[in-house]
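Engineer: For reference, the file structure_13.cif (mmCIF, C-alpha atoms) is included below:
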```cif
data_protein
loop_
_atom_site.label_atom_id
_atom_site.label_comp_id
_atom_site.auth_asym_id
_atom_site.auth_seq_id
_atom_site.Cartn_x
_atom_site.Cartn_y
_atom_site.Cartn_z
CA MET A 25 -1.90 35.68 36.29
CA GLY A 26 -5.12 34.94 34.38
CA GLY A 27 -5.50 31.59 36.14
CA ARG A 28 -2.13 30.24 34.94
CA SER A 29 0.14 28.47 37.42
CA VAL A 30 3.84 29.20 37.71
CA SER A 31 4.62 25.77 36.19
CA ASP A 32 2.41 26.56 33.16
CA LEU A 33 4.24 29.84 32.57
CA MET A 34 7.61 28.14 32.89
CA ARG A 35 6.64 25.54 30.28
CA LEU A 36 5.45 28.29 27.95
CA LEU A 37 8.72 30.18 28.45
CA VAL A 38 10.78 27.07 27.65
CA LEU A 39 8.74 26.47 24.47
CA LEU A 40 9.16 30.07 23.28
CA THR A 41 12.87 29.98 24.04
CA ALA A 42 13.30 26.76 22.01
CA ALA A 43 11.34 28.26 19.12
CA CYS A 44 13.47 31.40 19.08
CA LEU A 45 16.68 29.38 19.33
CA TYR A 46 15.72 27.13 16.42
CA ALA A 47 14.50 30.03 14.29
CA GLY A 48 17.78 31.88 14.91
CA LEU A 49 19.87 28.85 14.05
CA MET A 50 17.92 28.22 10.87
CA PHE A 51 18.22 31.88 9.85
CA ALA A 52 21.97 31.81 10.37
CA GLN A 53 22.30 28.55 8.48
CA ALA A 54 20.18 29.82 5.57
CA LYS A 55 23.05 32.17 4.73
CA THR A 56 25.18 29.13 3.83
CA PRO A 57 23.96 27.74 0.48
CA SER A 58 23.83 23.99 -0.19
CA THR A 59 24.97 22.43 -3.45
CA GLY A 60 24.12 19.43 -5.59
CA SER A 61 20.84 17.64 -6.24
CA ALA A 62 19.30 14.31 -5.32
CA HIS A 63 18.84 11.74 -8.07
CA ALA A 64 15.45 10.23 -8.90
CA ALA A 65 14.67 6.73 -7.65
CA GLY A 66 15.47 4.12 -10.25
CA SER A 67 17.29 6.60 -12.50
CA GLY A 68 20.59 4.79 -12.13
CA THR A 69 22.42 8.06 -11.39
CA ASP A 70 24.65 8.18 -8.31
CA THR A 71 24.70 11.92 -7.73
CA LYS A 72 25.23 13.19 -4.19
CA LYS A 73 23.51 15.91 -2.18
CA THR A 74 25.74 17.97 0.07
CA THR A 75 23.79 19.45 2.96
CA GLN A 76 25.14 21.79 5.60
CA ALA A 77 24.80 20.00 8.95
CA ALA A 78 22.20 21.71 11.13
CA PRO A 79 23.51 22.87 14.54
CA PHE A 80 20.12 21.88 16.00
CA PRO A 81 18.37 18.68 14.79
CA LEU A 82 15.10 18.87 12.93
CA GLN A 83 12.26 18.17 15.35
CA LEU A 84 10.68 15.67 12.99
CA GLU A 85 9.50 12.29 14.21
CA MET A 86 9.96 9.51 11.66
CA ARG A 87 8.53 6.02 12.05
CA VAL A 88 7.48 3.05 9.96
CA PRO A 89 4.65 1.25 11.80
CA PHE A 90 5.06 -1.95 9.78
CA GLU A 91 8.30 -3.02 8.14
CA PRO A 92 8.15 -4.17 4.50
CA THR A 93 9.07 -7.42 2.79
CA ALA A 94 10.67 -7.32 -0.64
CA PHE A 95 8.85 -9.10 -3.47
CA PRO A 96 9.80 -9.68 -7.13
CA ASN A 97 8.07 -8.84 -10.39
CA GLY A 98 9.85 -9.08 -13.73
CA PRO A 99 13.32 -7.49 -13.66
CA GLN A 100 12.75 -5.63 -10.40
CA ILE A 101 12.22 -6.18 -6.67
CA TYR A 102 9.84 -3.89 -4.78
CA LEU A 103 9.60 -2.57 -1.23
CA MET A 104 6.34 -0.83 -0.32
CA TYR A 105 5.69 0.72 3.08
CA GLU A 106 4.41 3.82 4.85
CA LEU A 107 6.67 6.38 6.51
CA HIS A 108 4.82 8.47 9.14
CA LEU A 109 6.16 11.97 9.86
CA THR A 110 5.16 14.36 12.64
CA ASN A 111 6.43 17.94 13.01
CA TYR A 112 7.29 18.82 16.63
CA LEU A 113 8.55 22.29 15.75
CA PRO A 114 6.54 25.39 16.73
CA MET A 115 6.70 26.40 13.06
CA PRO A 116 5.85 24.73 9.71
CA LEU A 117 8.43 22.45 8.13
CA SER A 118 8.84 22.10 4.36
CA LEU A 119 10.26 18.87 2.92
CA ALA A 120 12.64 19.16 -0.02
CA ARG A 121 13.72 15.54 -0.45
CA ILE A 122 13.76 12.04 1.05
CA GLU A 123 16.72 9.73 0.58
CA VAL A 124 16.97 6.02 1.39
CA LEU A 125 20.35 4.57 2.35
CA ASP A 126 21.89 1.24 3.32
CA ALA A 127 21.92 1.38 7.13
CA ASP A 128 24.88 -1.02 7.36
CA SER A 129 27.07 0.76 4.80
CA GLU A 130 29.40 3.72 5.22
CA ASP A 131 28.67 4.74 1.62
CA ALA A 132 26.76 8.03 1.84
CA ARG A 133 25.26 7.68 -1.63
CA PRO A 134 21.49 7.06 -1.48
CA ILE A 135 19.92 3.88 -2.82
CA ALA A 136 16.85 5.89 -3.78
CA SER A 137 16.13 9.59 -3.71
CA PHE A 138 12.85 11.44 -4.08
CA ALA A 139 12.84 15.15 -4.87
CA ALA A 140 10.04 17.59 -4.06
CA GLU A 141 8.18 17.03 -7.33
CA GLN A 142 8.04 13.27 -6.71
CA LEU A 143 7.03 13.72 -3.07
CA GLU A 144 3.94 15.65 -4.10
CA SER A 145 2.32 12.38 -5.24
CA MET A 146 3.70 10.34 -2.31
CA LEU A 147 2.60 12.48 0.64
CA GLN A 148 -0.83 12.27 2.26
CA PRO A 149 -1.34 14.91 4.98
CA LEU A 150 -3.56 13.81 7.84
CA GLY A 151 -6.59 15.83 8.82
CA ALA A 152 -9.06 17.86 6.82
CA ARG A 153 -6.68 20.30 5.20
CA ILE A 154 -7.90 21.60 1.83
CA LEU A 155 -4.92 21.96 -0.50
CA ALA A 156 -5.12 24.33 -3.44
CA ASP A 157 -1.71 23.30 -4.81
CA PRO A 158 0.07 19.88 -4.67
CA LYS A 159 3.18 21.72 -3.43
CA GLU A 160 1.31 22.39 -0.19
CA LYS A 161 1.65 18.69 0.61
CA LEU A 162 5.36 19.30 1.23
CA VAL A 163 4.59 21.59 4.17
CA ILE A 164 4.01 19.84 7.50
CA GLY A 165 2.27 22.27 9.82
CA VAL A 166 2.88 22.79 13.52
CA GLY A 167 2.04 19.56 15.34
CA GLN A 168 0.73 17.98 12.13
CA SER A 169 1.45 14.57 10.62
CA THR A 170 1.69 13.16 7.14
CA ILE A 171 2.11 9.72 5.60
CA VAL A 172 4.72 9.13 2.91
CA TYR A 173 3.81 6.18 0.70
CA MET A 174 7.19 4.72 -0.12
CA CYS A 175 8.08 2.41 -3.00
CA VAL A 176 11.76 1.57 -3.37
CA THR A 177 12.78 -0.56 -6.34
CA PHE A 178 15.91 -2.62 -6.91
CA ASP A 179 17.28 -4.32 -9.98
CA ARG A 180 16.74 -8.06 -9.52
CA LYS A 181 20.48 -8.70 -9.81
CA THR A 182 21.26 -6.17 -7.08
CA ARG A 183 21.86 -7.14 -3.45
CA ILE A 184 19.09 -5.79 -1.25
CA PRO A 185 20.38 -4.30 2.01
CA ASP A 186 19.14 -5.99 5.18
CA LYS A 187 18.39 -2.58 6.74
CA LEU A 188 17.50 0.82 5.35
CA VAL A 189 17.68 4.27 6.93
CA HIS A 190 15.88 7.42 5.81
CA ARG A 191 17.26 10.92 5.42
CA MET A 192 14.76 13.76 5.51
CA GLY A 193 15.88 17.05 4.01
CA THR A 194 14.61 20.62 4.01
CA ALA A 195 16.25 23.46 2.11
CA ASP A 196 18.73 23.97 4.93
CA ALA A 197 18.92 20.88 7.11
CA ALA A 198 18.72 17.08 7.16
CA ILE A 199 18.07 14.35 9.69
CA GLU A 200 18.40 10.56 9.53
CA GLY A 201 16.19 7.99 11.20
CA ALA A 202 13.50 5.31 10.82
CA VAL A 203 15.76 2.29 10.40
CA ILE A 204 13.81 -0.66 8.97
CA GLY A 205 14.39 -4.21 7.79
CA THR A 206 13.59 -5.42 4.28
CA HIS A 207 12.46 -9.03 4.89
CA HIS A 208 9.99 -8.77 7.75
CA THR A 209 7.67 -11.68 6.87
CA GLU A 210 7.80 -14.96 4.97
CA LEU A 211 6.69 -14.85 1.33
CA HIS A 212 4.11 -17.61 0.93
CA VAL A 213 3.99 -19.24 -2.51
CA LEU A 214 0.31 -19.61 -3.40
CA GLY A 215 -1.82 -20.95 -6.18
CA PRO A 216 -4.16 -18.65 -8.16
CA PRO A 217 -7.39 -17.48 -6.48
CA VAL A 218 -9.25 -17.68 -9.82
CA GLU A 219 -8.80 -19.63 -13.04
CA GLY A 220 -8.85 -18.89 -16.74
CA ALA A 221 -7.80 -16.00 -18.94
CA ASN A 222 -8.18 -12.22 -19.13
CA TRP A 223 -8.02 -11.43 -15.41
CA LEU A 224 -7.24 -7.78 -14.70
CA ALA A 225 -5.30 -7.12 -11.47
CA ASP A 226 -7.21 -3.92 -10.76
CA ASP A 227 -5.74 -1.67 -8.05
CA GLY A 228 -3.04 -4.28 -7.58
CA PRO A 229 0.33 -3.51 -5.97
CA SER A 230 1.55 -0.06 -7.05
CA ASN A 231 2.33 3.31 -5.51
CA GLY A 232 -0.29 5.15 -7.54
CA GLU A 233 -1.90 8.13 -5.86
CA ASP A 234 -5.36 6.95 -6.98
CA ASN A 235 -4.88 3.33 -5.86
CA HIS A 236 -7.48 2.94 -3.09
CA HIS A 237 -5.83 -0.24 -1.81
CA ARG A 238 -2.38 1.32 -1.49
CA ARG A 239 -3.85 4.38 0.24
CA GLY A 240 -6.02 2.23 2.49
CA VAL A 241 -4.63 3.17 5.92
CA VAL A 242 -7.33 3.06 8.61
CA ILE A 243 -7.34 3.09 12.42
CA VAL A 244 -8.35 -0.22 14.01
CA ASP A 245 -8.04 -0.90 17.74
CA GLY A 246 -6.10 2.34 18.09
CA GLN A 247 -3.46 1.51 15.47
CA ALA A 248 -2.90 2.65 11.89
CA VAL A 249 -2.99 -0.41 9.61
CA ASP A 250 -3.35 -1.13 5.89
CA SER A 251 -4.71 -4.61 5.28
CA ARG A 252 -5.17 -3.75 1.58
CA ARG A 253 -1.54 -2.78 0.90
CA TYR A 254 -1.08 -5.63 -1.64
CA ALA A 255 -4.73 -6.44 -2.34
CA ILE A 256 -5.99 -7.11 -5.88
CA ASP A 257 -9.49 -6.67 -7.29
CA TRP A 258 -9.67 -9.46 -9.83
CA LYS A 259 -11.96 -8.57 -12.74
CA GLN A 260 -12.33 -10.52 -15.95
CA VAL A 261 -12.16 -8.28 -19.02
CA VAL A 262 -12.68 -8.65 -22.77
CA ASN A 263 -11.19 -5.96 -25.00
CA GLY A 264 -10.57 -3.84 -21.94
CA THR A 265 -14.18 -3.95 -20.71
CA SER A 266 -15.50 -5.87 -17.70
CA PHE A 267 -19.09 -6.32 -18.94
CA SER A 268 -21.35 -6.63 -21.97
CA ALA A 269 -25.02 -5.68 -22.36
CA ASP A 270 -26.72 -3.96 -19.38
CA PRO A 271 -24.10 -2.51 -16.97
CA ARG A 272 -26.64 -2.55 -14.10
CA ASP A 273 -27.15 -6.31 -14.37
CA VAL A 274 -24.59 -8.37 -12.44
CA HIS A 275 -24.96 -11.16 -15.01
CA SER A 276 -23.53 -8.86 -17.67
CA TYR A 277 -20.11 -8.97 -16.00
CA TYR A 278 -17.63 -11.56 -17.23
CA SER A 279 -16.35 -12.34 -13.74
CA TYR A 280 -19.78 -12.81 -12.13
CA GLY A 281 -20.35 -16.37 -10.92
CA LYS A 282 -16.80 -17.50 -11.75
CA SER A 283 -15.23 -19.88 -9.25
CA VAL A 284 -12.79 -18.76 -6.56
CA LEU A 285 -10.15 -21.28 -5.53
CA ALA A 286 -8.24 -22.15 -2.38
CA VAL A 287 -4.75 -20.72 -2.86
CA ALA A 288 -3.24 -23.27 -0.46
CA ASP A 289 -4.06 -26.16 1.80
CA GLY A 290 -5.54 -24.70 4.95
CA ARG A 291 -8.44 -24.29 7.32
CA VAL A 292 -11.49 -22.09 6.80
CA LEU A 293 -11.76 -19.63 9.68
CA VAL A 294 -14.74 -17.65 8.41
CA ALA A 295 -17.35 -18.46 5.79
CA ARG A 296 -20.06 -15.82 5.78
CA ASP A 297 -23.01 -15.92 3.38
CA GLY A 298 -26.43 -14.29 3.16
CA LEU A 299 -25.72 -10.72 2.00
CA PRO A 300 -27.36 -9.73 -1.31
CA ASP A 301 -25.59 -8.58 -4.48
CA ASN A 302 -25.60 -4.88 -5.26
CA ILE A 303 -26.90 -3.38 -8.47
CA PRO A 304 -23.63 -2.34 -10.18
CA GLY A 305 -22.88 1.38 -10.25
CA HIS A 306 -19.96 3.73 -9.75
CA GLY A 307 -19.78 7.12 -8.09
CA GLU A 308 -23.18 8.61 -7.32
CA ALA A 309 -24.81 5.71 -9.17
CA PHE A 310 -23.72 3.25 -6.46
CA HIS A 311 -26.52 2.37 -4.06
CA PRO A 312 -25.56 -0.62 -1.88
CA ALA A 313 -28.19 -3.25 -1.24
CA VAL A 314 -27.52 -2.96 2.51
CA PRO A 315 -25.88 -0.11 4.47
CA ILE A 316 -22.08 -0.35 4.40
CA THR A 317 -20.75 -0.98 7.91
CA LEU A 318 -17.77 -2.82 9.33
CA GLU A 319 -19.98 -5.91 9.41
CA THR A 320 -21.10 -5.66 5.77
CA VAL A 321 -18.20 -3.97 3.93
CA ALA A 322 -16.63 -7.29 2.86
CA GLY A 323 -19.91 -8.79 1.73
CA ASN A 324 -20.03 -12.57 1.65
CA THR A 325 -16.53 -13.63 2.56
CA ILE A 326 -14.16 -16.51 3.24
CA THR A 327 -11.06 -16.33 5.42
CA LEU A 328 -8.47 -19.06 4.97
CA ALA A 329 -5.65 -19.70 7.48
CA LEU A 330 -2.43 -20.23 5.51
CA GLY A 331 -0.17 -21.01 8.48
CA GLY A 332 2.68 -18.98 9.90
CA GLY A 333 0.31 -16.26 11.08
CA GLN A 334 -0.92 -15.39 7.58
CA PHE A 335 -4.52 -15.33 6.34
CA ALA A 336 -6.08 -15.13 2.88
CA TYR A 337 -9.30 -13.15 2.40
CA TYR A 338 -11.89 -13.57 -0.37
CA LEU A 339 -14.43 -10.72 -0.40
CA HIS A 340 -17.68 -9.79 -2.23
CA LEU A 341 -18.76 -13.37 -3.00
CA GLN A 342 -22.05 -14.33 -4.65
CA PRO A 343 -24.86 -15.05 -2.18
CA GLY A 344 -25.63 -18.74 -1.86
CA SER A 345 -22.42 -19.78 -3.63
CA LEU A 346 -20.21 -20.73 -0.68
CA ARG A 347 -19.25 -24.41 -0.68
CA VAL A 348 -17.37 -24.43 2.64
CA LYS A 349 -18.10 -23.58 6.26
CA SER A 350 -16.01 -22.45 9.20
CA GLY A 351 -13.68 -25.20 10.41
CA ASP A 352 -13.45 -27.03 7.07
CA ARG A 353 -10.08 -28.21 5.82
CA VAL A 354 -9.51 -27.40 2.15
CA ARG A 355 -6.96 -28.36 -0.47
CA ARG A 356 -5.21 -26.02 -2.86
CA GLY A 357 -7.28 -25.53 -6.04
CA GLN A 358 -10.55 -26.52 -4.33
CA VAL A 359 -13.58 -24.41 -5.33
CA LEU A 360 -14.68 -22.30 -2.36
CA GLY A 361 -17.48 -20.24 -3.89
CA SER A 362 -18.24 -17.80 -6.69
CA ILE A 363 -17.55 -14.15 -7.48
CA GLY A 364 -20.40 -11.79 -6.68
CA ALA A 365 -21.09 -8.12 -5.93
CA SER A 366 -21.94 -8.14 -2.22
CA GLY A 367 -20.72 -5.64 0.36
CA ASP A 368 -18.80 -2.58 -0.79
CA ALA A 369 -18.58 -3.75 -4.41
CA ARG A 370 -19.40 -1.33 -7.23
CA GLU A 371 -19.38 -4.19 -9.72
CA PRO A 372 -18.72 -7.95 -9.55
CA HIS A 373 -15.11 -8.79 -8.71
CA LEU A 374 -13.01 -10.78 -6.26
CA HIS A 375 -11.13 -8.72 -3.70
CA PHE A 376 -8.22 -10.93 -2.59
CA GLU A 377 -5.63 -10.08 0.03
CA VAL A 378 -3.25 -11.68 2.51
CA THR A 379 -2.79 -10.20 6.00
CA ASN A 380 -1.28 -11.06 9.37
CA SER A 381 -4.58 -11.03 11.27
CA SER A 382 -7.62 -13.27 11.41
CA LYS A 383 -9.74 -10.17 12.04
CA LEU A 384 -11.07 -8.40 8.97
CA ILE A 385 -9.33 -5.08 8.18
CA ALA A 386 -7.33 -5.23 11.45
CA GLY A 387 -4.21 -6.82 9.96
CA GLU A 388 -1.30 -5.55 7.92
CA GLY A 389 -1.33 -6.43 4.24
CA LEU A 390 1.45 -8.87 3.30
CA PRO A 391 3.04 -9.60 -0.07
CA TYR A 392 2.94 -13.16 -1.40
CA LEU A 393 3.92 -14.98 -4.57
CA ILE A 394 1.79 -16.82 -7.13
CA ASP A 395 3.72 -19.87 -8.20
CA ARG A 396 3.00 -19.62 -11.94
CA TYR A 397 1.00 -17.36 -14.24
CA PHE A 398 1.17 -15.67 -17.64
CA CYS A 399 1.01 -11.91 -18.03
CA LYS A 400 0.09 -10.17 -21.27
CA ASN A 401 2.87 -7.99 -22.65
CA THR A 402 1.50 -4.49 -23.19
CA THR A 403 3.78 -3.95 -26.19
CA ASP A 404 3.03 -6.92 -28.45
CA GLY A 405 0.25 -8.78 -26.58
CA THR A 406 2.27 -11.96 -26.08
CA ASP A 407 1.97 -14.05 -22.91
CA GLU A 408 5.02 -13.88 -20.66
CA LEU A 409 5.58 -16.57 -18.05
CA HIS A 410 6.03 -15.37 -14.45
CA ILE A 411 7.22 -17.83 -11.82
CA ARG A 412 6.89 -17.03 -8.11
CA GLU A 413 6.05 -13.36 -8.54
CA LEU A 414 3.27 -10.99 -7.49
CA PRO A 415 1.28 -9.33 -10.30
CA LEU A 416 1.36 -5.53 -10.33
CA ASP A 417 -1.50 -3.09 -10.87
CA LYS A 418 -3.30 -3.29 -14.23
CA SER A 419 -1.59 -6.54 -15.25
CA THR A 420 -3.71 -8.78 -17.48
CA VAL A 421 -3.18 -12.30 -16.19
CA LEU A 422 -3.84 -15.73 -17.58
CA PHE A 423 -3.67 -18.70 -15.26
CA GLU A 424 -2.49 -22.13 -16.37
CA ALA A 425 -5.87 -23.86 -16.18
CA GLY A 426 -7.42 -21.38 -18.58
CA ARG A 427 -4.46 -21.63 -20.95
CA SER A 428 -4.69 -25.43 -21.18
CA ARG A 429 -8.44 -25.33 -21.90
CA GLU A 430 -7.97 -22.87 -24.72
CA LYS A 431 -5.56 -25.11 -26.61
#
```
Would you mind writing the file's structure down as structure tokens?
Structural biologist:
Amino acid sequence: MGGRSVSDLMRLLVLLTAACLYAGLMFAQAKTPSTGSAHAAGSGTDTKKTTQAAPFPLQLEMRVPFEPTAFPNGPQIYLMYELHLTNYLPMPLSLARIEVLDADSEDARPIASFAAEQLESMLQPLGARILADPKEKLVIGVGQSTIVYMCVTFDRKTRIPDKLVHRMGTADAAIEGAVIGTHHTELHVLGPPVEGANWLADDGPSNGEDNHHRRGVVIVDGQAVDSRRYAIDWKQVVNGTSFSADPRDVHSYYSYGKSVLAVADGRVLVARDGLPDNIPGHGEAFHPAVPITLETVAGNTITLALGGGQFAYYLHLQPGSLRVKSGDRVRRGQVLGSIGASGDAREPHLHFEVTNSSKLIAGEGLPYLIDRYFCKNTTDGTDELHIRELPLDKSTVLFEAGRSREK
């Protein structure tokens, strides 16, 4: 028996039988072609995909560890969240599409649909797989998992469903699951964390594949979390550049030493100072002043309790600039400190985020609203007023205080 027990052999036999059964069912079903095509998210087309029902359900686990909350920007409302998939089949599974539907509606038409080409930039396989072709992201190997970075958009005049359900599709089968809500947390209305003009919302909310905040899932205390989901690196820019003169001198950067402000009345939970600024540098030119660890990654930092289980984080502050200490009560608009380049900062900027945990990195990133700001129109350069919205990635923002001083 080679050391195997009877129970081990029985389990192996059951597994092989299930694999053969599923493979046979899929082979038989592959002879029946499917018709139609899914429409692209936001395209405004209500086409419908007809899929032959599989006689045996796809063995694909679907879960959303943290439900989203819808937030507005301009004419649209956004839902951003992560959909985790695990393949329990004894064979690879290839995704062809993902559809999002109203869970409370009998209408089978999807609210949003993502075809294979779109999924290539949304999927992040877990593990150390080396992919030679983006299409390989669509294949979930035996026992493997992948994260789908979802961004569903709605027209601002459209009713947002209270619950959504997801439909996963291969070439021959489909399965529905992962029912989620759309308004999981309260949207706090905050003041600006900085003041003045020409603030670039770098790596702000977006679903970009190269956005290191959006793709910031880490394991903390045994759970997958993304505290940076809606984080913004605030950099001040002039003519599209964040510095003048010597790029290795922190004082050359327009944002260096600028004040950071309390976004709401609240209590200071953490006020940490004493870490040095880095010499600015990107890529291989970045050499942090101190080793980057969990204790130093945020640099000099302030954590502000906003109430309702939400916390605002200010990271990478200038050493010696903090004007508050733990336990202090602060008022909205109060100066807390200055922008620096401490911790894991390649150049001076303010990393600002809101999460649901008082422990750094351990919380889930939450959306919020800034009560009033101006955003530069990329077409004609005019300033457009935004009220109670969240700036998106690469927006150039001007806050009211800066506007009034310029007049």
Engineer: As an exercise, work out the distance from CA of His275 (chain A) to CA of Gly364 (chain A) in Å and give it to one decimal place.
Structural biologist: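 Taking CA of His275 (chain A) as the start and CA of Gly364 (chain A) as the end point, the length is 9.5 Å.
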Engineer: What residues come out when you apply the PyMOL selection byres ((chain A and resi 329) around 10) to this file, written as a list of chain:residue names?
Structural biologist: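 On this input, the PyMOL selection byres ((chain A and resi 329) around 10) captures A:Ala288, A:Asp289, A:Gly290, A:Arg291, A:Val292, A:Leu293, A:Val294, A:Thr327, A:Leu328, A:Leu330, A:Gly331, A:Gly332, A:Gly333, A:Gln334, A:Phe335, A:Ala336, A:Tyr337, A:Arg353, A:Val378, A:Asn380, A:Ser381, A:Ser382.
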Engineer: Out of A:Arg253, A:His375, A:Arg296, A:Lys418, which residue has the shortest atom-to-atom distance to Ala225 (chain A) when counting only C-alpha atoms?
Structural biologist: A:Lys418
Engineer: For Arg191 (chain A), please output as a PyMOL selection string all residues within 9 Å (counting all atoms listed in the file; exclusion window: fewer than 5 positions along the same chain).
Structural biologist: chain A and resi 121-125+134+198-202
Engineer: Mind pulling up the distance from CA of Pro229 (chain A) to CA of Val287 (chain A)?
Structural biologist: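 So the two atoms, CA of Val287 (chain A) and CA of Pro229 (chain A), lie 18.2 Å apart.
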Engineer: Counting all atoms listed in the file, what is within 6 Å of region 152-164 of chain A, bar same-chain residues fewer than 3 positions away, as an NGL selection string?
Structural biologist: :A and (116-119 or 144 or 168)
Engineer: Go ahead and find all residues with at least one atom no further than 8 Å from (3.5, 0.0, 4.3) in the file's coordinates, using all atoms listed in the file; report them as a ChimeraX atom specification.
Structural biologist: /A:88-92,104-107,173-174,250,253
Engineer: Run the PyMOL selection byres ((chain A and resi 390) around 9) on the file and write out the hits as JSON, numbers by chain.
Structural biologist: {"A": [92, 93, 209, 210, 211, 251, 252, 253, 254, 255, 334, 377, 378, 379, 380, 387, 388, 389, 391, 392]}
Engineer: One decimal, in Å: what's the spacing between CA of Asp131 (chain A) and CA of Ile171 (chain A)?
Structural biologist: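 According to the coordinates, CA of Asp131 (chain A) and CA of Ile171 (chain A) are separated by 27.3 Å.
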Engineer: For a quick check of understanding, using all atoms listed in the file, which of A:Cys399, A:Ala386, A:Val176, A:Leu109 has the smallest distance to Gln83 (chain A)?
Structural biologist: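 Among the listed residues, the smallest separation from Gln83 (chain A) belongs to A:Leu109.
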Engineer: Any chance you could work out the residue set of the PyMOL selection byres ((chain A and resi 113) around 7) here, as a PyMOL selection string?
Structural biologist: chain A and resi 83+111-112+114-115+166
Engineer: How about saving the chosen residues, C-alpha atoms kept, as a compact mmCIF listing (two decimals), in the frame of the given file?
Structural biologist:
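Written file, part_14.txt:
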```txt
# COMPACT_ATOMS: atom_id res chain seq x y z
CA GLN A 83 12.26 18.17 15.35
CA ASN A 111 6.43 17.94 13.01
CA TYR A 112 7.29 18.82 16.63
CA PRO A 114 6.54 25.39 16.73
CA MET A 115 6.70 26.40 13.06
CA VAL A 166 2.88 22.79 13.52
```
Engineer: So, with all atoms listed in the file as the atoms that count, which of A:Ser268, A:Ser419, A:Ser129, A:Gln358 lies closest to Gly215 (chain A)?
Structural biologist: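 Ranked by minimum distance to Gly215 (chain A), first place goes to A:Gln358.
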Engineer: Let me have the centre and edge lengths in Å, one decimal, of the box along x, y and z around every listed atom of region 313-332 of chain A with 4 Å of margin on each side, as AutoDock Vina command-line options.
Structural biologist:
```
--center_x -12.8 --center_y -10.6 --center_z 4.3 --size_x 38.9 --size_y 28.9 --size_z 19.1
```
Engineer: Do you know which residues lie at most 7 Å from (-2.5, 14.0, 9.2), with coordinates as in the file and only C-alpha atoms counted, and could you write them as a list of chain:residue names?
Structural biologist: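 Counting only C-alpha atoms, I find these residues within 7 Å of (-2.5, 14.0, 9.2): A:Pro149, A:Leu150, A:Gly151, A:Gln168, A:Ser169, A:Thr170.
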Engineer: Hey, what's within 9 Å of Ala94 (chain A) if we count all atoms listed in the file and toss same-chain stuff fewer than 4 positions away? As a ChimeraX atom specification, please?
Structural biologist: /A:101-104,184,206-208,211,391
